[in-house]
Amino acid sequence: MKPQTERSLALYIHWPFCRAKCPYCDFNSHVAQDIDHDLYAAAYRREMTYMAARYAAGRKLVSVFLGGGTPSLMPVSLVAGILDDAERIFVFVDNVEITAEANPTSSETAMFEGFRAAGVNRVSLGVQSLRDDGLAFLGREHSADDARTAIATAQRSFRRVSGDLIYARRDQTLDGWTAELQEMLALGLTHMSLYQLTIEQGTIFHTRSRRGEQLVPPDDLAAEMYEATDEMMTGAGLPAYEISNHAVDGEACRHNLVYWRAQDWIGVGPGAHGRLTVPHGRLGIATRRSPAAWLDAVHLDGHGIDVITEDDIGEAFAEWLMMGLRLGEGVSLAEMQRLFPAPTLRLDEVTLAEYVDAGLLETAAGRLRATRSGRLLLNSLLANLLIAD
């Protein structure tokens, strides 16, 4: 595989706290009243120091992403300290992208100027809906008017602003969704993440679904919503550069491209995950999920790493292909040969030709891409495309 030093490196910092747990959320988030911010600042610094020495020698960060949880609940002083430490410990490239996730409540949007002064240069707003009934269904604390105000405030503070919406919600119609999406487009965002509601294990929605509640529309309606979304966003100049992510040219999230291009990132904080290239495959690194257990481990050992796994070259190839086909750019066939000259898995050429003939995949200019129809079936396509060498 491509040597580590030639691959992009990103840093993900997980802030695990929220005011409340959303019913659809399966992220590692916790509700806590009393948080010792100085203790967390020291722990982040200590774990970053360990991770940099062990996994990032001679490498610079192309992006930093503050995710959660709800990072916009962090004090500005904590954000500034973490970013100062990260730059000193890792070193940033000149045009480093520094993103913070935020909720559109008034108390959090008031922090935007401070976040910008701390070094954040991109914000991702968890709008989720521009309908008050949709927000109530999703368990959100803000109103639709709060969301509109937050977007306008963020656009005054940051050049790069992204907004998230969740669609295919219970009782949502195709017309209702397209009208909501058109309103979101009118707000002038250059990046939008548009996710179909999925029912994840361990969530409140999962429990309710098992009791018989219908929380999502039928599959055929969800598929119509996806296709309408793709058409509307492309027509508005924000085509899908990834299945659920749309951007004006040049405004794609660089941090998430590191994930989807199966490049390298380090995860710091409770329940953070990282992926790193090694000569014969990929390392997966996960820290302790419990904030208290993570703090204890960092204090004792200098890190909170809980699990390290190593994928072989075949598994690394499957990840590279799976992630790459989520992207509008697809994957380079020449790069595939260069990165994986002798994988334990390979493409089934017969199946590949069948999928191309069926209009699910396409090859052009030396790249393999999923079509709009193919992206809807990507998991099943991949299961049939890969065979043992």
# chains A, B, ... in the order shown; residues from 1 in each chain; ligands from 1
>>> residues_around(residues="A:Gln337", least_positions_apart="2", cutoff="12 Å", atoms="only C-alpha atoms", output="PDB file with C-alpha atoms, in the first residue's frame")
ATOM      1  CA  MET A   1       0.000   0.000   0.000  1.00  0.00           C
ATOM      2  CA  LYS A   2       0.913   3.664  -0.329  1.00  0.00           C
ATOM      3  CA  PHE A 317      -8.919  -3.053  -0.376  1.00  0.00           C
ATOM      4  CA  VAL A 331     -12.172   5.251  -7.570  1.00  0.00           C
ATOM      5  CA  SER A 332      -9.191   5.337  -9.888  1.00  0.00           C
ATOM      6  CA  LEU A 333      -8.478   1.976 -11.502  1.00  0.00           C
ATOM      7  CA  ALA A 334      -4.816   2.931 -11.922  1.00  0.00           C
ATOM      8  CA  GLU A 335      -4.571   3.810  -8.232  1.00  0.00           C
ATOM      9  CA  LEU A 339      -2.101   0.537  -4.035  1.00  0.00           C
ATOM     10  CA  PHE A 340      -3.182  -3.106  -4.187  1.00  0.00           C
ATOM     11  CA  PRO A 341      -0.957  -4.935  -6.672  1.00  0.00           C
ATOM     12  CA  ALA A 342      -1.635  -8.364  -5.136  1.00  0.00           C
ATOM     13  CA  PRO A 343      -4.736  -8.184  -2.921  1.00  0.00           C
ATOM     14  CA  ARG A 346     -10.199  -8.615  -6.238  1.00  0.00           C
ATOM     15  CA  LEU A 347     -12.984  -7.359  -8.462  1.00  0.00           C
ATOM     16  CA  GLY A 366     -10.021   5.410 -15.908  1.00  0.00           C
ATOM     17  CA  ARG A 367     -12.403   5.596 -12.939  1.00  0.00           C
TER      18      ARG A 367
END
>>> residues_around(residues="A:Asp171", least_positions_apart="6", cutoff="9 Å", atoms="only C-alpha atoms", output="JSON, numbers by chain")
{"A": [215, 216, 217]}
>>> write_last_selection(atoms="N, CA and C atoms", output="PDB file, in the first residue's frame")
ATOM      1  N   LEU A 215     -41.729   4.596  11.913  1.00  0.00           N
ATOM      2  CA  LEU A 215     -40.995   5.858  12.054  1.00  0.00           C
ATOM      3  C   LEU A 215     -40.401   6.354  10.744  1.00  0.00           C
ATOM      4  N   VAL A 216     -40.375   5.505   9.733  1.00  0.00           N
ATOM      5  CA  VAL A 216     -39.833   5.884   8.422  1.00  0.00           C
ATOM      6  C   VAL A 216     -40.856   5.504   7.354  1.00  0.00           C
ATOM      7  N   PRO A 217     -40.808   6.170   6.198  1.00  0.00           N
ATOM      8  CA  PRO A 217     -41.769   5.853   5.131  1.00  0.00           C
ATOM      9  C   PRO A 217     -41.400   4.549   4.434  1.00  0.00           C
TER      10      PRO A 217
END
>>> closest_residue(among="A:Thr99, A:Ala53, A:Ile166, A:Gly284", to="A:Asp311", atoms="only C-alpha atoms")
A:Gly284
>>> atom_distance(atom1="atom CA of A:Arg254", atom2="atom CA of A:Gly163")
15.5 Å
>>> select_by_dssp(residues="stretch 165-348 of chain A", states="strand (DSSP E)", output="ChimeraX atom specification")
/A:165-167,191-196,240-242,245-247,264-268,273-278,281-287,305-311,331-332,345-347
